[in-house]
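Have a look at target07.cif below; it lists mmCIF, C-alpha atoms.
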data_coords
loop_
_atom_site.label_atom_id
_atom_site.label_comp_id
_atom_site.auth_asym_id
_atom_site.auth_seq_id
_atom_site.Cartn_x
_atom_site.Cartn_y
_atom_site.Cartn_z
CA MET A 1 260.52 -34.06 157.47
CA GLU A 2 263.26 -35.58 155.37
CA LYS A 3 265.76 -37.78 157.11
CA GLU A 4 269.39 -36.90 156.86
CA PRO A 5 271.23 -39.35 154.62
CA ARG A 6 273.10 -41.93 156.63
CA GLN A 7 276.86 -41.51 156.48
CA VAL A 8 278.60 -44.27 154.61
CA PRO A 9 281.49 -45.71 156.65
CA PRO A 10 284.78 -44.91 154.96
CA SER A 11 287.26 -47.54 153.92
CA CYS A 12 290.20 -48.02 156.26
CA VAL A 13 293.31 -46.37 154.83
CA VAL A 14 295.32 -49.38 156.03
CA CYS A 15 293.32 -52.53 155.31
CA GLY A 16 290.62 -51.13 153.00
CA LYS A 17 287.66 -52.55 154.96
CA PRO A 18 284.75 -50.33 156.11
CA VAL A 19 285.36 -48.48 159.40
CA GLU A 20 282.33 -48.47 161.73
CA GLU A 21 284.27 -46.99 164.66
CA LYS A 22 283.94 -43.30 165.43
CA TYR A 23 286.07 -40.71 167.24
CA LEU A 24 285.00 -40.19 170.84
CA ARG A 25 286.60 -36.74 170.90
CA SER A 26 288.00 -34.34 168.35
CA ASN A 27 291.62 -34.68 167.33
CA ARG A 28 293.85 -33.85 164.38
CA ASN A 29 292.20 -36.60 162.29
CA GLY A 30 288.57 -35.63 162.79
CA LYS A 31 285.76 -34.35 165.02
CA ALA A 32 283.97 -36.28 167.76
CA GLY A 33 281.27 -38.50 166.19
CA ASP A 34 283.01 -38.75 162.81
CA TYR A 35 284.06 -42.09 161.48
CA ARG A 36 287.67 -42.91 162.13
CA ILE A 37 289.96 -43.00 159.11
CA CYS A 38 291.24 -46.41 160.14
CA HIS A 39 290.35 -49.20 162.54
CA ILE A 40 291.68 -48.97 166.07
CA THR A 41 293.54 -52.21 165.43
CA CYS A 42 295.11 -50.64 162.31
CA ASN A 43 296.15 -47.47 164.11
CA LYS A 44 299.79 -48.50 164.66
CA LYS A 45 300.15 -49.42 161.01
CA TYR A 46 298.55 -46.08 160.11
CA GLU A 47 301.02 -44.16 162.29
CA HIS A 48 303.82 -46.15 160.66
CA MET A 49 302.47 -45.18 157.23
CA LEU A 50 302.43 -41.52 158.26
CA ASN A 51 305.99 -41.75 159.53
CA GLU A 52 307.07 -43.37 156.27
CA GLN A 53 305.36 -40.62 154.28
CA ARG A 54 307.07 -37.94 156.36
CA ARG A 55 310.41 -39.70 155.95
CA ARG A 56 309.99 -39.99 152.18
CA ARG A 57 308.88 -36.35 151.98
CA ALA A 58 311.94 -35.28 154.00
CA GLU A 59 314.23 -37.36 151.78
CA ARG A 60 312.63 -35.87 148.66
CA GLU A 61 313.06 -32.33 150.01
CA LEU A 62 316.67 -33.13 150.91
CA ASP A 63 317.33 -34.52 147.43
CA GLU A 64 315.79 -31.41 145.88
CA ALA A 65 317.88 -29.16 148.15
CA LEU A 66 321.04 -31.11 147.28
CA ALA A 67 320.24 -30.88 143.57
CA HIS A 68 319.66 -27.13 143.94
CA TRP A 69 322.89 -26.49 145.82
CA TRP A 70 324.84 -28.73 143.47
CA MET A 71 323.56 -26.63 140.59
CA MET A 72 324.47 -23.48 142.55
CA ARG A 73 327.93 -24.91 143.23
CA ASP A 74 328.48 -25.50 139.50
CA GLU A 75 327.26 -21.99 138.71
CA SER A 76 329.49 -20.51 141.44
CA LEU A 77 332.51 -22.36 140.04
CA ARG A 78 331.65 -21.12 136.58
CA GLN A 79 331.43 -17.52 137.82
CA LEU A 80 334.64 -17.99 139.80
CA ARG A 81 336.48 -19.27 136.72
CA ILE A 82 335.26 -16.25 134.73
CA ALA A 83 336.34 -13.85 137.52
CA ILE A 84 339.78 -15.47 137.82
CA ASP A 85 340.31 -15.43 134.06
CA CYS A 86 339.46 -11.71 134.07
CA TYR A 87 341.80 -11.14 137.04
CA ASN A 88 344.68 -12.96 135.35
CA GLU A 89 344.12 -11.00 132.16
CA GLU A 90 344.09 -7.68 134.04
CA ALA A 91 347.10 -8.64 136.16
CA ALA A 92 349.12 -9.39 133.04
CA LEU A 93 348.42 -5.84 131.80
CA HIS A 94 348.51 -4.12 135.19
CA ASP A 95 351.99 -5.08 136.41
CA PRO A 96 354.03 -3.77 133.43
CA LEU A 97 351.99 -0.55 133.49
CA VAL A 98 352.72 -0.02 137.20
CA VAL A 99 356.45 -0.52 136.63
CA ARG A 100 356.31 1.84 133.66
CA LEU A 101 354.47 4.45 135.77
CA VAL A 102 357.16 4.41 138.47
CA TYR A 103 359.88 4.60 135.82
CA GLU A 104 358.26 7.60 134.13
CA LYS A 105 357.72 9.48 137.42
CA CYS A 106 361.42 9.12 138.22
CA ARG A 107 362.22 10.34 134.71
CA GLN A 108 359.99 13.40 135.23
CA ALA A 109 361.81 14.34 138.45
CA ILE A 110 365.19 13.94 136.74
CA LEU A 111 364.12 16.04 133.75
CA ALA A 112 362.66 18.76 136.00
CA MET A 113 366.03 19.19 137.72
CA HIS A 114 367.74 19.09 134.31
CA ILE A 115 365.66 21.51 132.28
CA ASP A 116 363.54 23.51 134.75
CA PRO A 117 365.58 23.99 137.94
CA LEU A 118 363.65 27.15 138.95
CA THR A 119 360.44 25.11 139.26
CA VAL A 120 362.24 22.69 141.55
CA ILE A 121 363.83 25.48 143.61
CA ARG A 122 360.56 27.42 144.04
CA TYR A 123 358.66 24.18 144.78
CA GLN A 124 355.27 25.78 144.15
CA ASP A 125 353.90 24.01 141.08
CA GLU A 126 351.23 21.49 142.03
CA TRP A 127 352.34 18.88 139.49
CA PHE A 128 355.89 18.83 140.90
CA ARG A 129 354.66 18.63 144.51
CA ARG A 130 352.45 15.64 143.59
CA LEU A 131 355.43 14.07 141.87
CA ALA A 132 357.56 14.52 145.01
CA ALA A 133 354.76 13.03 147.14
CA ASP A 134 354.68 9.97 144.88
CA ILE A 135 358.43 9.42 144.93
CA GLY A 136 358.96 10.40 148.59
CA ARG A 137 361.72 12.31 150.39
CA ASP A 138 364.23 9.47 150.23
CA GLY A 139 363.70 8.97 146.52
CA MET A 140 363.82 12.69 145.70
CA ASN A 141 366.99 13.15 147.75
CA ARG A 142 368.55 10.16 146.00
CA ILE A 143 367.81 11.68 142.59
CA ALA A 144 369.18 15.06 143.74
CA ASP A 145 372.36 13.43 145.12
CA MET A 146 372.94 11.42 141.94
CA LEU A 147 372.44 14.55 139.85
CA GLY A 148 374.72 16.66 142.01
CA TRP A 149 371.81 19.00 142.73
CA ASP A 150 372.84 21.87 145.03
CA GLY A 151 369.56 23.84 144.98
CA ALA A 152 366.76 23.96 147.54
CA ARG A 153 364.98 20.73 148.40
CA GLY A 154 361.45 21.86 149.24
CA TRP A 155 360.16 18.29 149.50
CA ASN A 156 362.06 17.85 152.78
CA GLN A 157 359.84 20.50 154.42
CA ASP A 158 356.59 19.43 152.72
CA PRO A 159 354.29 17.64 155.24
CA ASP A 160 352.50 15.90 152.35
CA VAL A 161 355.67 14.09 151.31
CA SER A 162 356.53 10.96 153.30
CA ALA A 163 359.94 9.35 153.45
CA GLU A 164 358.92 6.30 151.38
CA GLY A 165 356.48 8.02 149.03
CA LYS A 166 353.27 6.55 147.68
CA THR A 167 353.27 2.76 147.78
CA ILE A 168 352.65 1.28 144.36
CA ARG A 169 352.10 -2.47 144.26
CA VAL A 170 352.00 -5.10 141.62
CA THR A 171 349.91 -8.22 142.04
CA GLY A 172 351.17 -11.54 143.32
CA GLY A 173 350.78 -13.02 139.86
CA ARG A 174 348.40 -15.45 138.28
CA ILE A 175 345.74 -17.34 140.25
CA ASP A 176 345.12 -20.99 139.32
CA VAL A 177 341.67 -21.60 137.86
CA PRO A 178 339.58 -24.24 139.71
CA GLY A 179 338.86 -27.52 137.93
CA GLU A 180 335.55 -28.83 136.66
CA GLN A 181 335.21 -31.73 139.11
CA MET A 182 334.54 -31.69 142.86
CA GLU A 183 337.72 -33.64 143.53
CA ASP A 184 339.75 -30.80 141.99
CA GLU A 185 340.03 -29.01 145.31
CA PHE A 186 340.42 -25.27 144.91
CA THR A 187 342.39 -23.86 147.82
CA ASP A 188 344.00 -20.80 146.23
CA ASP A 189 343.75 -17.43 147.95
CA LEU A 190 341.29 -15.12 146.25
CA ASN A 191 343.17 -11.84 146.32
CA LEU A 192 342.05 -11.06 149.87
CA PRO A 193 344.07 -8.38 151.71
CA GLY A 194 347.42 -9.81 152.64
CA THR A 195 346.89 -13.19 151.00
CA LEU A 196 348.62 -12.73 147.68
CA ASP A 197 352.30 -11.91 147.61
CA ALA A 198 351.87 -8.34 146.38
CA ARG A 199 355.21 -6.62 145.77
CA THR A 200 356.04 -2.94 146.05
CA VAL A 201 357.73 -1.40 143.06
CA ASP A 202 360.96 -0.07 144.54
CA TRP A 203 361.76 3.57 143.71
CA LYS A 204 365.43 3.04 144.59
CA ARG A 205 365.84 0.09 142.24
CA THR A 206 364.07 2.04 139.51
CA MET A 207 366.49 4.93 139.86
CA ASP A 208 369.47 2.58 139.91
CA HIS A 209 368.18 1.07 136.68
CA ILE A 210 367.80 4.51 135.10
CA TRP A 211 371.32 5.42 136.26
CA ARG A 212 372.78 2.32 134.60
CA GLU A 213 370.70 3.09 131.52
CA ASP A 214 371.88 6.71 131.24
CA ASN A 215 375.22 7.15 132.96
CA ILE A 216 377.84 6.87 130.25
CA GLY A 217 380.37 9.23 131.84
CA SER A 218 382.84 8.94 134.71
CA LYS A 219 382.21 9.76 138.38
CA LYS A 220 383.32 13.33 137.67
CA ASP A 221 381.34 13.56 134.48
CA ARG A 222 377.87 12.14 135.11
CA GLY A 223 376.92 12.30 131.48
CA PRO A 224 373.18 12.91 130.87
CA TRP A 225 372.56 13.08 134.62
CA ARG A 226 374.58 16.28 135.01
CA TYR A 227 372.10 19.17 135.17
CA ARG A 228 374.76 21.86 134.64
#
Show this structure as structure tokens.
Amino acid sequence: MEKEPRQVPPSCVVCGKPVEEKYLRSNRNGKAGDYRICHITCNKKYEHMLNEQRRRRAERELDEALAHWWMMRDESLRQLRIAIDCYNEEAALHDPLVVRLVYEKCRQAILAMHIDPLTVIRYQDEWFRRLAADIGRDGMNRIADMLGWDGARGWNQDPDVSAEGKTIRVTGGRIDVPGEQMEDEFTDDLNLPGTLDARTVDWKRTMDHIWREDNIGSKKDRGPWRYR
């Protein structure tokens, strides 16, 4: 019967010398009867080595995590700059268009009373009812008063028409773009509800502007505003 080959004592992971000592019971380093991985006298140094390895591994993982999040931070800033540039470009186009929209809706109401009074009196056409809902009761009554309108005012009985009309807002303006460096702190509000100073386009001011634009007559002769 062949003899089992004798185990060769391993070298101590601390001092490098052969280790003749064996584990008396199983543990995380080996089974009972196996050679120890280090001398008993080297055990403290071995534990210190393990702690140092764990510490270096933790530091390496932390450095990798920091590098990752730094890269993510740079990418986030890049995406933020792109988004803000797009916002500023859209805002520059959006605000004049909103003002123009309000101006044209007021013009439509004025022209309806000028050239199609029966539509206004009947107050049945959907397009005119939507127009009244946009401008609101106060705005429609102001136009009617300035025109000297003495016909029916169906918008005052329409439950879909509020006093103020549909709120139309322009943006609070341009947002500053964050800088390239970390020390360029970016603290601007990001167009969250209520953060930017959004302004309502005022129907009253729009009509006053149109009046000044059009009214070339006297108080008795309202010029182009007179529907009769």
Checklist entry - How many Å lie between atom CA of Leu93 of chain A and atom CA of Ala163 of chain A, rounded to one decimal? => result 28.8 Å
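You can rank A:Trp211, A:Phe128, A:Trp70, A:Tyr46 by their closest distance to Trp155 of chain A using only C-alpha atoms, and at the top of that list sits A:Phe128.
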Item to check | Atom-to-atom span, atom CA of Ile40 of chain A and atom CA of Val19 of chain A, Å | outcome: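 Here the two named atoms are 9.2 Å from each other.
Taking atom CA of Arg153 of chain A as the reference point, atom CA of Met113 of chain A is found at 10.8 Å.
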Item to check | Selection: 9 Å around Val201 of chain A, all atoms listed in the file, excl. self and same-chain fewer than 4 positions, as a ChimeraX atom specification | outcome: /A:98-99,102,167-170,205-206
Checklist entry - Which is closer to His48 of chain A than all the others in A:Arg73, A:Asp63, A:Val14, A:Gln79, using only C-alpha atoms? => result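 For His48 of chain A, the nearest of the given residues is A:Val14.
For the residues A:Lys204, A:Gln124, A:Leu50, A:Met72, ranking by smallest atom-to-atom distance to Arg142 of chain A using all atoms listed in the file places A:Lys204 first.
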Distance query Ile37 of chain A at most 7 Å, all atoms listed in the file, self and fewer than 4 positions along chain excluded, as an mmCIF file with C-alpha atoms, in the coordinates of the input:
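Result saved to selection35.cif:
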data_model
loop_
_atom_site.group_PDB
_atom_site.id
_atom_site.type_symbol
_atom_site.label_atom_id
_atom_site.label_comp_id
_atom_site.auth_asym_id
_atom_site.auth_seq_id
_atom_site.Cartn_x
_atom_site.Cartn_y
_atom_site.Cartn_z
ATOM 1 C CA PRO A 10 284.780 -44.910 154.960
ATOM 2 C CA CYS A 12 290.200 -48.020 156.260
ATOM 3 C CA VAL A 13 293.310 -46.370 154.830
#
Item to check | Within 10 Å of Gly154 of chain A using all atoms listed in the file, minus same-chain residues under 2 positions, as a PyMOL selection string | outcome: chain A and resi 120-124+129+132+137+151-152+156-158+161
Closest-contact table, segment 19-126 of chain A side, partner segment 143-147 of chain A, 12 Å, counting only C-alpha atoms, as a tab-separated table:
residue	atom	partner	partner_atom	distance
A:Lys105	CA	A:Ile143	CA	11.5
A:Cys106	CA	A:Ile143	CA	8.2
A:Arg107	CA	A:Ile143	CA	9.8
A:Gln108	CA	A:Ile143	CA	10.9
A:Ala109	CA	A:Ile143	CA	7.8
A:Ile110	CA	A:Ile143	CA	6.8
A:Leu111	CA	A:Leu147	CA	10.4
A:Ala112	CA	A:Ala144	CA	10.8
A:Met113	CA	A:Ala144	CA	8.0
A:His114	CA	A:Leu147	CA	8.6
A:Pro117	CA	A:Ala144	CA	11.2
A:Val120	CA	A:Ala144	CA	10.5
A:Ile121	CA	A:Ala144	CA	11.7
Checklist outcome for this item: With distances taken over all atoms listed in the file, the candidate from A:Ala92, A:Leu101, A:Val177, A:Ile115 nearest Trp203 of chain A is A:Leu101
Checklist entry - Mind telling me what the PyMOL selection byres ((chain A and resi 20) around 9) catches here, as a PyMOL selection string? => result chain A and resi 9-10+18-19+21-22+35-36+39
Item to check | Residue neighbourhood Arg130 of chain A, 9 Å, all atoms listed in the file, exclusion window fewer than 4 positions, as a PyMOL selection string | outcome: chain A and resi 125-126+134-135+160-161
